[in-house]
Amino acid sequence: MDFSDLIDLARYPIDRRGPELEQRIAEVRKDLAQDGCAVLRGFLTPRGIAALAEEAERNAVHAHRTYTRTNAYFTGDDPTLPETHPKRRFFDRSNAFVPADHFMPGGALRTVYDAPGFDAFVRDCLQERAFFRYADPLADAIVNVAEEGPGFPWHFDTNNFTVTLAIQNAESGGAFEYVPAIRDALGHENFDDVARVLDGTSDRVRTLHLQPGDLQLFRGRYSLHRVAPLAGPRPRYVAILSYVDQPDMVATPERAKQLYGRVLPIHFERAGRRSDTLID
Ligand SMILES: O=C(O)CCC(=O)C(=O)O
Ligand SMILES: [Fe+2]
């Protein structure tokens, strides 16, 4: 499999720096500056979409499912607050990640991720100073399998940005909805507006209908967002490509176990722990 078959290089010539690519980068930066979100439509070719969908489908059986109830802040309940407070609004979430080690080098997903110029392109778009691939063999490039159900309820991300590739949509539902910069880095939480979003009465919500093959760059720390409820038998597949601000980072053993259902020796080693010390 060759990256030039999977990525639309005529539109996004990531392997050749030049005015064409600079133009794409400038457009993405403008969108990110404006509302923290950029969608690179048609990043994959139709062959690329088909190859990634086939690979996702084949590996969906390996997805690790977790069921949680979560608020938008991923914090525990705080009974000192009124019951209607956004921090006390909990929603069902079911999540299924296919761990990254099911995606082999030379397979469709890694052919895109490892394409010459891909990392540099994403870094230039995001203008991140410290930018490294997540070194976690279970988590650097994963596929999220979302089946009929509540989607991924309203939340703020705990990381600065996410890089996702839309592979397959559900029969219906599953739109990406977001409210840019509803809170800020200075601690203005804007709970009133957040409550309106959770209630479904906000007029600030933007809706994105991502299509298979679209690459999305999203800054979700201050923008409330969700994947709307999904319906129908066909699962939604999204690849998540992870970058962090430090080299050689991996998940803690507890986090690996929770998200991917397994812990590898590297998780214990990097945590400076022996492999019999998992805290469940
Ligand atoms: O599945 C998606 O489109 C993005 C989900 C999301 O918000 C996240 O992973 O934090
Ligand atoms: Fe998110």
# chains A, B, ... in the order shown; residues from 1 in each chain; ligands from 1

$ residues_near_ligand --ligand "ligand 1" --cutoff "8 Å" --atoms "only C-alpha atoms and all ligand atoms" --output "list in words"
Asn144, Phe152, His155, Phe156, Asp157, Thr162, Thr164, Ala166, Phe176, Gly220, His225, Arg226, Val227, Val238 and Ile240 of chain A

$ write_last_selection --atoms "C-alpha atoms" --output "compact mmCIF listing (two decimals), in the first residue's frame"
# COMPACT_ATOMS: atom_id res chain seq x y z
CA ASN A 144 -12.87 4.54 17.85
CA PHE A 152 -19.81 10.77 23.25
CA HIS A 155 -17.19 17.43 27.38
CA PHE A 156 -14.02 19.45 27.37
CA ASP A 157 -10.87 17.60 26.30
CA THR A 162 -6.97 16.09 18.73
CA THR A 164 -8.97 12.62 13.81
CA ALA A 166 -13.34 10.23 9.69
CA PHE A 176 -19.83 16.57 15.77
CA GLY A 220 -11.13 20.94 22.64
CA HIS A 225 -18.22 19.44 22.25
CA ARG A 226 -19.91 16.11 21.75
CA VAL A 227 -20.62 13.37 19.24
CA VAL A 238 -12.97 7.45 13.49
CA ILE A 240 -7.49 9.16 16.42

$ residues_around --residues "region 252-266 of chain A" --least-positions-apart "2" --cutoff "10 Å" --atoms "only C-alpha atoms" --output "PyMOL selection string"
chain A and resi 62-66+95-100+135-139+142+249-250+268-275+277-280

$ select_by_dssp --residues "region 32-269 of chain A" --states "alpha helix (DSSP H)" --output "PDB file with N, CA and C atoms, in the first residue's frame"
ATOM      1  N   LEU A  32      -8.353  27.405  12.616  1.00  0.00           N
ATOM      2  CA  LEU A  32      -8.037  27.082  14.008  1.00  0.00           C
ATOM      3  C   LEU A  32      -8.056  28.339  14.868  1.00  0.00           C
ATOM      4  N   ALA A  33      -7.527  29.440  14.326  1.00  0.00           N
ATOM      5  CA  ALA A  33      -7.510  30.696  15.084  1.00  0.00           C
ATOM      6  C   ALA A  33      -8.931  31.193  15.297  1.00  0.00           C
ATOM      7  N   GLN A  34      -9.776  31.018  14.301  1.00  0.00           N
ATOM      8  CA  GLN A  34     -11.143  31.520  14.378  1.00  0.00           C
ATOM      9  C   GLN A  34     -12.017  30.752  15.350  1.00  0.00           C
ATOM     10  N   ASP A  35     -12.027  29.429  15.230  1.00  0.00           N
ATOM     11  CA  ASP A  35     -12.902  28.706  16.168  1.00  0.00           C
ATOM     12  C   ASP A  35     -12.339  27.376  16.662  1.00  0.00           C
ATOM     13  N   PRO A  46     -10.846   8.247  -2.415  1.00  0.00           N
ATOM     14  CA  PRO A  46     -11.850   7.174  -2.277  1.00  0.00           C
ATOM     15  C   PRO A  46     -11.195   5.811  -1.994  1.00  0.00           C
ATOM     16  N   ARG A  47     -10.067   5.522  -2.611  1.00  0.00           N
ATOM     17  CA  ARG A  47      -9.359   4.258  -2.295  1.00  0.00           C
ATOM     18  C   ARG A  47      -8.883   4.237  -0.861  1.00  0.00           C
ATOM     19  N   GLY A  48      -8.414   5.399  -0.393  1.00  0.00           N
ATOM     20  CA  GLY A  48      -7.962   5.514   0.995  1.00  0.00           C
ATOM     21  C   GLY A  48      -9.105   5.264   1.969  1.00  0.00           C
ATOM     22  N   ILE A  49     -10.256   5.848   1.682  1.00  0.00           N
ATOM     23  CA  ILE A  49     -11.430   5.655   2.546  1.00  0.00           C
ATOM     24  C   ILE A  49     -11.789   4.169   2.591  1.00  0.00           C
ATOM     25  N   ALA A  50     -11.818   3.548   1.431  1.00  0.00           N
ATOM     26  CA  ALA A  50     -12.192   2.119   1.359  1.00  0.00           C
ATOM     27  C   ALA A  50     -11.186   1.262   2.125  1.00  0.00           C
ATOM     28  N   ALA A  51      -9.901   1.571   1.987  1.00  0.00           N
ATOM     29  CA  ALA A  51      -8.867   0.765   2.647  1.00  0.00           C
ATOM     30  C   ALA A  51      -8.930   0.942   4.164  1.00  0.00           C
ATOM     31  N   LEU A  52      -9.122   2.175   4.639  1.00  0.00           N
ATOM     32  CA  LEU A  52      -9.197   2.393   6.086  1.00  0.00           C
ATOM     33  C   LEU A  52     -10.483   1.791   6.666  1.00  0.00           C
ATOM     34  N   ALA A  53     -11.576   1.862   5.902  1.00  0.00           N
ATOM     35  CA  ALA A  53     -12.838   1.290   6.384  1.00  0.00           C
ATOM     36  C   ALA A  53     -12.727  -0.232   6.486  1.00  0.00           C
ATOM     37  N   GLU A  54     -12.088  -0.830   5.506  1.00  0.00           N
ATOM     38  CA  GLU A  54     -11.922  -2.293   5.523  1.00  0.00           C
ATOM     39  C   GLU A  54     -11.070  -2.705   6.721  1.00  0.00           C
ATOM     40  N   GLU A  55      -9.998  -1.962   6.960  1.00  0.00           N
ATOM     41  CA  GLU A  55      -9.106  -2.284   8.084  1.00  0.00           C
ATOM     42  C   GLU A  55      -9.816  -2.070   9.430  1.00  0.00           C
ATOM     43  N   ALA A  56     -10.600  -0.999   9.527  1.00  0.00           N
ATOM     44  CA  ALA A  56     -11.343  -0.732  10.762  1.00  0.00           C
ATOM     45  C   ALA A  56     -12.361  -1.842  11.017  1.00  0.00           C
ATOM     46  N   GLU A  57     -13.092  -2.205   9.961  1.00  0.00           N
ATOM     47  CA  GLU A  57     -14.112  -3.258  10.044  1.00  0.00           C
ATOM     48  C   GLU A  57     -13.499  -4.586  10.521  1.00  0.00           C
ATOM     49  N   ARG A  58     -12.356  -4.911   9.926  1.00  0.00           N
ATOM     50  CA  ARG A  58     -11.692  -6.179  10.235  1.00  0.00           C
ATOM     51  C   ARG A  58     -11.209  -6.215  11.685  1.00  0.00           C
ATOM     52  N   ASN A  59     -10.858  -5.040  12.232  1.00  0.00           N
ATOM     53  CA  ASN A  59     -10.297  -4.998  13.583  1.00  0.00           C
ATOM     54  C   ASN A  59     -11.301  -4.594  14.660  1.00  0.00           C
ATOM     55  N   ALA A 108      -3.348   0.185   6.144  1.00  0.00           N
ATOM     56  CA  ALA A 108      -3.874   1.456   5.630  1.00  0.00           C
ATOM     57  C   ALA A 108      -3.676   2.621   6.606  1.00  0.00           C
ATOM     58  N   LEU A 109      -4.078   2.428   7.876  1.00  0.00           N
ATOM     59  CA  LEU A 109      -4.006   3.541   8.824  1.00  0.00           C
ATOM     60  C   LEU A 109      -2.577   4.025   9.014  1.00  0.00           C
ATOM     61  N   ARG A 110      -1.648   3.067   9.193  1.00  0.00           N
ATOM     62  CA  ARG A 110      -0.253   3.496   9.416  1.00  0.00           C
ATOM     63  C   ARG A 110       0.406   4.011   8.139  1.00  0.00           C
ATOM     64  N   THR A 111      -0.078   3.600   7.004  1.00  0.00           N
ATOM     65  CA  THR A 111       0.472   4.163   5.767  1.00  0.00           C
ATOM     66  C   THR A 111       0.148   5.653   5.679  1.00  0.00           C
ATOM     67  N   VAL A 112      -1.017   6.033   6.176  1.00  0.00           N
ATOM     68  CA  VAL A 112      -1.364   7.462   6.220  1.00  0.00           C
ATOM     69  C   VAL A 112      -0.558   8.171   7.309  1.00  0.00           C
ATOM     70  N   TYR A 113      -0.581   7.599   8.507  1.00  0.00           N
ATOM     71  CA  TYR A 113       0.109   8.201   9.664  1.00  0.00           C
ATOM     72  C   TYR A 113       1.614   8.342   9.402  1.00  0.00           C
ATOM     73  N   PHE A 118       3.618  13.889   6.865  1.00  0.00           N
ATOM     74  CA  PHE A 118       2.342  13.962   7.588  1.00  0.00           C
ATOM     75  C   PHE A 118       2.495  14.658   8.943  1.00  0.00           C
ATOM     76  N   ASP A 119       3.439  14.171   9.766  1.00  0.00           N
ATOM     77  CA  ASP A 119       3.625  14.769  11.098  1.00  0.00           C
ATOM     78  C   ASP A 119       3.976  16.255  10.992  1.00  0.00           C
ATOM     79  N   ALA A 120       4.877  16.581  10.069  1.00  0.00           N
ATOM     80  CA  ALA A 120       5.330  17.974   9.923  1.00  0.00           C
ATOM     81  C   ALA A 120       4.167  18.863   9.497  1.00  0.00           C
ATOM     82  N   PHE A 121       3.342  18.340   8.616  1.00  0.00           N
ATOM     83  CA  PHE A 121       2.165  19.089   8.158  1.00  0.00           C
ATOM     84  C   PHE A 121       1.221  19.392   9.329  1.00  0.00           C
ATOM     85  N   VAL A 122       0.911  18.368  10.107  1.00  0.00           N
ATOM     86  CA  VAL A 122       0.003  18.553  11.245  1.00  0.00           C
ATOM     87  C   VAL A 122       0.606  19.534  12.253  1.00  0.00           C
ATOM     88  N   ARG A 123       1.907  19.385  12.506  1.00  0.00           N
ATOM     89  CA  ARG A 123       2.577  20.289  13.452  1.00  0.00           C
ATOM     90  C   ARG A 123       2.530  21.734  12.938  1.00  0.00           C
ATOM     91  N   ASP A 124       2.800  21.920  11.668  1.00  0.00           N
ATOM     92  CA  ASP A 124       2.775  23.275  11.104  1.00  0.00           C
ATOM     93  C   ASP A 124       1.376  23.879  11.159  1.00  0.00           C
ATOM     94  N   CYS A 125       0.372  23.070  10.923  1.00  0.00           N
ATOM     95  CA  CYS A 125      -1.006  23.567  11.018  1.00  0.00           C
ATOM     96  C   CYS A 125      -1.315  24.020  12.439  1.00  0.00           C
ATOM     97  N   LEU A 126      -0.895  23.211  13.408  1.00  0.00           N
ATOM     98  CA  LEU A 126      -1.234  23.491  14.805  1.00  0.00           C
ATOM     99  C   LEU A 126      -0.291  24.509  15.447  1.00  0.00           C
ATOM    100  N   PHE A 191     -20.401  28.882  33.388  1.00  0.00           N
ATOM    101  CA  PHE A 191     -21.303  27.765  33.681  1.00  0.00           C
ATOM    102  C   PHE A 191     -22.728  27.985  33.143  1.00  0.00           C
ATOM    103  N   ASP A 192     -23.177  29.253  33.074  1.00  0.00           N
ATOM    104  CA  ASP A 192     -24.541  29.508  32.575  1.00  0.00           C
ATOM    105  C   ASP A 192     -24.689  29.065  31.123  1.00  0.00           C
ATOM    106  N   ASP A 193     -23.712  29.455  30.290  1.00  0.00           N
ATOM    107  CA  ASP A 193     -23.764  29.046  28.879  1.00  0.00           C
ATOM    108  C   ASP A 193     -23.592  27.538  28.742  1.00  0.00           C
ATOM    109  N   VAL A 194     -22.693  26.972  29.557  1.00  0.00           N
ATOM    110  CA  VAL A 194     -22.494  25.512  29.506  1.00  0.00           C
ATOM    111  C   VAL A 194     -23.820  24.817  29.848  1.00  0.00           C
ATOM    112  N   ALA A 195     -24.518  25.315  30.869  1.00  0.00           N
ATOM    113  CA  ALA A 195     -25.799  24.700  31.271  1.00  0.00           C
ATOM    114  C   ALA A 195     -26.811  24.756  30.121  1.00  0.00           C
ATOM    115  N   ARG A 196     -26.835  25.880  29.398  1.00  0.00           N
ATOM    116  CA  ARG A 196     -27.765  25.981  28.267  1.00  0.00           C
ATOM    117  C   ARG A 196     -27.436  24.945  27.178  1.00  0.00           C
ATOM    118  N   VAL A 197     -26.146  24.731  26.946  1.00  0.00           N
ATOM    119  CA  VAL A 197     -25.761  23.718  25.955  1.00  0.00           C
ATOM    120  C   VAL A 197     -26.235  22.335  26.419  1.00  0.00           C
ATOM    121  N   LEU A 198     -25.993  22.020  27.686  1.00  0.00           N
ATOM    122  CA  LEU A 198     -26.397  20.713  28.210  1.00  0.00           C
ATOM    123  C   LEU A 198     -27.921  20.544  28.167  1.00  0.00           C
ATOM    124  N   ASP A 199     -28.640  21.655  28.337  1.00  0.00           N
ATOM    125  CA  ASP A 199     -30.106  21.621  28.291  1.00  0.00           C
ATOM    126  C   ASP A 199     -30.660  21.567  26.871  1.00  0.00           C
ATOM    127  N   PRO A 253      -0.088   2.674  33.688  1.00  0.00           N
ATOM    128  CA  PRO A 253      -0.678   1.335  33.599  1.00  0.00           C
ATOM    129  C   PRO A 253      -2.184   1.340  33.820  1.00  0.00           C
ATOM    130  N   GLU A 254      -2.665   2.153  34.741  1.00  0.00           N
ATOM    131  CA  GLU A 254      -4.118   2.181  35.030  1.00  0.00           C
ATOM    132  C   GLU A 254      -4.913   2.697  33.834  1.00  0.00           C
ATOM    133  N   ARG A 255      -4.387   3.735  33.184  1.00  0.00           N
ATOM    134  CA  ARG A 255      -5.093   4.311  32.051  1.00  0.00           C
ATOM    135  C   ARG A 255      -5.095   3.347  30.850  1.00  0.00           C
ATOM    136  N   ALA A 256      -3.960   2.685  30.635  1.00  0.00           N
ATOM    137  CA  ALA A 256      -3.892   1.705  29.543  1.00  0.00           C
ATOM    138  C   ALA A 256      -4.925   0.606  29.763  1.00  0.00           C
ATOM    139  N   LYS A 257      -4.992   0.126  31.002  1.00  0.00           N
ATOM    140  CA  LYS A 257      -5.937  -0.940  31.332  1.00  0.00           C
ATOM    141  C   LYS A 257      -7.376  -0.474  31.110  1.00  0.00           C
ATOM    142  N   GLN A 258      -7.658   0.750  31.531  1.00  0.00           N
ATOM    143  CA  GLN A 258      -9.021   1.267  31.423  1.00  0.00           C
ATOM    144  C   GLN A 258      -9.436   1.466  29.961  1.00  0.00           C
ATOM    145  N   LEU A 259      -8.574   2.112  29.159  1.00  0.00           N
ATOM    146  CA  LEU A 259      -8.966   2.478  27.793  1.00  0.00           C
ATOM    147  C   LEU A 259      -8.782   1.348  26.792  1.00  0.00           C
ATOM    148  N   TYR A 260      -7.750   0.527  26.993  1.00  0.00           N
ATOM    149  CA  TYR A 260      -7.413  -0.480  25.975  1.00  0.00           C
ATOM    150  C   TYR A 260      -7.549  -1.906  26.482  1.00  0.00           C
ATOM    151  N   PRO A 265       4.529  -4.293  29.187  1.00  0.00           N
ATOM    152  CA  PRO A 265       5.703  -4.034  30.034  1.00  0.00           C
ATOM    153  C   PRO A 265       6.167  -2.580  29.984  1.00  0.00           C
ATOM    154  N   ILE A 266       6.075  -1.952  28.804  1.00  0.00           N
ATOM    155  CA  ILE A 266       6.560  -0.563  28.691  1.00  0.00           C
ATOM    156  C   ILE A 266       5.782   0.379  29.627  1.00  0.00           C
ATOM    157  N   HIS A 267       4.514   0.106  29.870  1.00  0.00           N
ATOM    158  CA  HIS A 267       3.729   0.975  30.765  1.00  0.00           C
ATOM    159  C   HIS A 267       4.255   0.907  32.196  1.00  0.00           C
ATOM    160  N   PHE A 268       4.586  -0.306  32.624  1.00  0.00           N
ATOM    161  CA  PHE A 268       5.144  -0.438  33.975  1.00  0.00           C
ATOM    162  C   PHE A 268       6.553   0.136  34.046  1.00  0.00           C
ATOM    163  N   GLU A 269       7.360  -0.148  33.005  1.00  0.00           N
ATOM    164  CA  GLU A 269       8.747   0.346  32.997  1.00  0.00           C
ATOM    165  C   GLU A 269       8.803   1.860  33.106  1.00  0.00           C
TER     166      GLU A 269
END

$ closest_residue --among "A:Pro247, A:Pro153, A:Gly232, A:Pro19" --to "ligand 2" --atoms "only C-alpha atoms and all ligand atoms"
A:Pro153

$ closest_residue --among "A:Asp31, A:Phe161, A:Glu189, A:Ala181" --to "Pro86 (chain A)" --atoms "only C-alpha atoms"
A:Glu189

$ select_by_dssp --residues "region 56-269 of chain A" --states "strand (DSSP E or B)" --output "ChimeraX atom specification"
/A:64-70,91-98,132-133,141-146,149,152-155,162-168,172-173,176-179,206-208,215-218,224-227,230-231,236-241,243-244

$ atom_distance --atom1 "CA of Thr158 (chain A)" --atom2 "CA of Met104 (chain A)"
27.9 Å

$ atom_distance --atom1 "CA of Trp154 (chain A)" --atom2 "CA of His85 (chain A)"
14.1 Å

$ residues_around --residues "Asp245 (chain A)" --least-positions-apart "3" --cutoff "10 Å" --atoms "only C-alpha atoms" --output "list in words"
Glu128, Arg129, Ala130, Phe131, Phe132, Arg133, Tyr134, Asn159, Asn160, Asp248 and Met249 of chain A

$ write_last_selection --atoms "all heavy atoms" --output "short mmCIF file (atom, residue, chain, number, x, y, z; two decimals), in the first residue's frame"
data_model
loop_
_atom_site.label_atom_id
_atom_site.label_comp_id
_atom_site.auth_asym_id
_atom_site.auth_seq_id
_atom_site.Cartn_x
_atom_site.Cartn_y
_atom_site.Cartn_z
N GLU A 128 2.40 24.04 17.07
CA GLU A 128 2.79 23.63 18.42
C GLU A 128 4.31 23.61 18.49
O GLU A 128 4.97 23.10 17.59
CB GLU A 128 2.25 22.22 18.70
CG GLU A 128 0.75 22.16 18.90
CD GLU A 128 0.29 22.71 20.24
OE1 GLU A 128 1.01 22.54 21.24
OE2 GLU A 128 -0.79 23.33 20.27
N ARG A 129 4.85 24.17 19.57
CA ARG A 129 6.32 24.19 19.70
C ARG A 129 6.86 22.80 20.04
O ARG A 129 7.77 22.30 19.43
CB ARG A 129 6.74 25.18 20.79
CG ARG A 129 7.24 26.48 20.20
CD ARG A 129 7.42 27.51 21.29
NE ARG A 129 6.15 27.75 21.97
CZ ARG A 129 6.04 28.35 23.15
NH1 ARG A 129 7.10 28.75 23.79
NH2 ARG A 129 4.84 28.55 23.69
N ALA A 130 6.28 22.20 21.05
CA ALA A 130 6.71 20.85 21.44
C ALA A 130 5.70 19.87 20.86
O ALA A 130 4.51 19.93 21.19
CB ALA A 130 6.77 20.75 22.95
N PHE A 131 6.16 19.00 20.00
CA PHE A 131 5.22 18.17 19.25
C PHE A 131 5.86 16.82 18.95
O PHE A 131 6.83 16.73 18.19
CB PHE A 131 4.88 18.90 17.95
CG PHE A 131 3.81 18.25 17.11
CD1 PHE A 131 2.48 18.51 17.35
CD2 PHE A 131 4.15 17.39 16.08
CE1 PHE A 131 1.48 17.93 16.56
CE2 PHE A 131 3.17 16.80 15.29
CZ PHE A 131 1.84 17.08 15.54
N PHE A 132 5.37 15.79 19.59
CA PHE A 132 5.92 14.45 19.42
C PHE A 132 4.79 13.46 19.26
O PHE A 132 3.71 13.66 19.83
CB PHE A 132 6.76 14.05 20.64
CG PHE A 132 7.87 15.01 20.95
CD1 PHE A 132 7.66 16.06 21.83
CD2 PHE A 132 9.11 14.88 20.34
CE1 PHE A 132 8.68 16.98 22.11
CE2 PHE A 132 10.12 15.79 20.61
CZ PHE A 132 9.91 16.84 21.49
N ARG A 133 5.07 12.39 18.54
CA ARG A 133 4.09 11.32 18.52
C ARG A 133 3.98 10.71 19.90
O ARG A 133 4.98 10.55 20.59
CB ARG A 133 4.53 10.22 17.56
CG ARG A 133 4.17 10.50 16.17
CD ARG A 133 4.43 9.27 15.37
NE ARG A 133 4.07 9.54 14.00
CZ ARG A 133 3.97 8.62 13.07
NH1 ARG A 133 4.23 7.37 13.36
NH2 ARG A 133 3.65 8.93 11.86
N TYR A 134 2.76 10.35 20.27
CA TYR A 134 2.57 9.59 21.50
C TYR A 134 3.33 8.27 21.29
O TYR A 134 3.17 7.61 20.27
CB TYR A 134 1.08 9.33 21.67
CG TYR A 134 0.62 9.01 23.06
CD1 TYR A 134 1.36 9.36 24.19
CD2 TYR A 134 -0.60 8.37 23.26
CE1 TYR A 134 0.89 9.07 25.47
CE2 TYR A 134 -1.09 8.08 24.53
CZ TYR A 134 -0.34 8.44 25.63
OH TYR A 134 -0.82 8.15 26.87
N ASN A 159 -6.66 17.24 26.72
CA ASN A 159 -5.44 17.51 25.94
C ASN A 159 -5.66 18.77 25.08
O ASN A 159 -6.79 19.20 24.89
CB ASN A 159 -5.07 16.30 25.06
CG ASN A 159 -6.28 15.74 24.34
OD1 ASN A 159 -7.42 15.98 24.73
ND2 ASN A 159 -6.05 15.03 23.26
N ASN A 160 -4.58 19.35 24.58
CA ASN A 160 -4.68 20.62 23.86
C ASN A 160 -5.38 20.50 22.52
O ASN A 160 -6.05 21.42 22.09
CB ASN A 160 -3.29 21.21 23.63
CG ASN A 160 -2.80 21.88 24.90
OD1 ASN A 160 -3.60 22.32 25.73
ND2 ASN A 160 -1.49 21.94 25.07
N ASP A 248 8.68 10.23 24.03
CA ASP A 248 8.68 8.95 24.77
C ASP A 248 7.58 8.80 25.81
O ASP A 248 7.72 8.06 26.76
CB ASP A 248 10.04 8.72 25.45
CG ASP A 248 11.18 8.74 24.45
OD1 ASP A 248 10.98 8.25 23.32
OD2 ASP A 248 12.26 9.26 24.79
N MET A 249 6.50 9.54 25.66
CA MET A 249 5.42 9.42 26.65
C MET A 249 4.53 8.22 26.38
O MET A 249 4.19 7.94 25.24
CB MET A 249 4.54 10.68 26.59
CG MET A 249 4.78 11.63 27.73
SD MET A 249 3.70 13.05 27.55
CE MET A 249 2.21 12.40 28.27
#

$ closest_residue --among "A:Gly200, A:Gly173, A:Gly151, A:Pro82" --to "ligand 2" --atoms "only C-alpha atoms and all ligand atoms"
A:Gly151

$ residues_around --residues "Tyr12 (chain A)" --least-positions-apart "4" --cutoff "7 Å" --atoms "only C-alpha atoms" --output "NGL selection string"
:A and (8 or 21 or 43)

$ write_last_selection --atoms "N, CA and C atoms" --output "PDB file, in the first residue's frame"
ATOM      1  N   ASP A   8      -5.085  12.303  -0.776  1.00  0.00           N
ATOM      2  CA  ASP A   8      -5.274  13.124  -1.970  1.00  0.00           C
ATOM      3  C   ASP A   8      -4.148  14.169  -2.039  1.00  0.00           C
ATOM      4  N   LEU A  21       1.173  23.776  -0.680  1.00  0.00           N
ATOM      5  CA  LEU A  21       1.037  23.276   0.693  1.00  0.00           C
ATOM      6  C   LEU A  21       0.975  24.442   1.679  1.00  0.00           C
ATOM      7  N   PHE A  43      -9.355  14.594   2.637  1.00  0.00           N
ATOM      8  CA  PHE A  43      -7.920  14.352   2.815  1.00  0.00           C
ATOM      9  C   PHE A  43      -7.543  12.978   2.245  1.00  0.00           C
TER      10      PHE A  43
END

$ residues_around --residues "Asp78 (chain A)" --least-positions-apart "5" --cutoff "12 Å" --atoms "only C-alpha atoms" --output "list in words"
Asn71, Tyr73, Glu83, Thr84, His85, Pro86, Lys87, Arg88, Arg89 and Phe90 of chain A

$ atom_distance --atom1 "CA of Arg219 (chain A)" --atom2 "CA of Gly36 (chain A)"
5.0 Å

$ closest_residue --among "A:Leu224, A:Val205, A:Leu215, A:Ile167" --to "ligand 2" --atoms "only C-alpha atoms and all ligand atoms"
A:Leu224
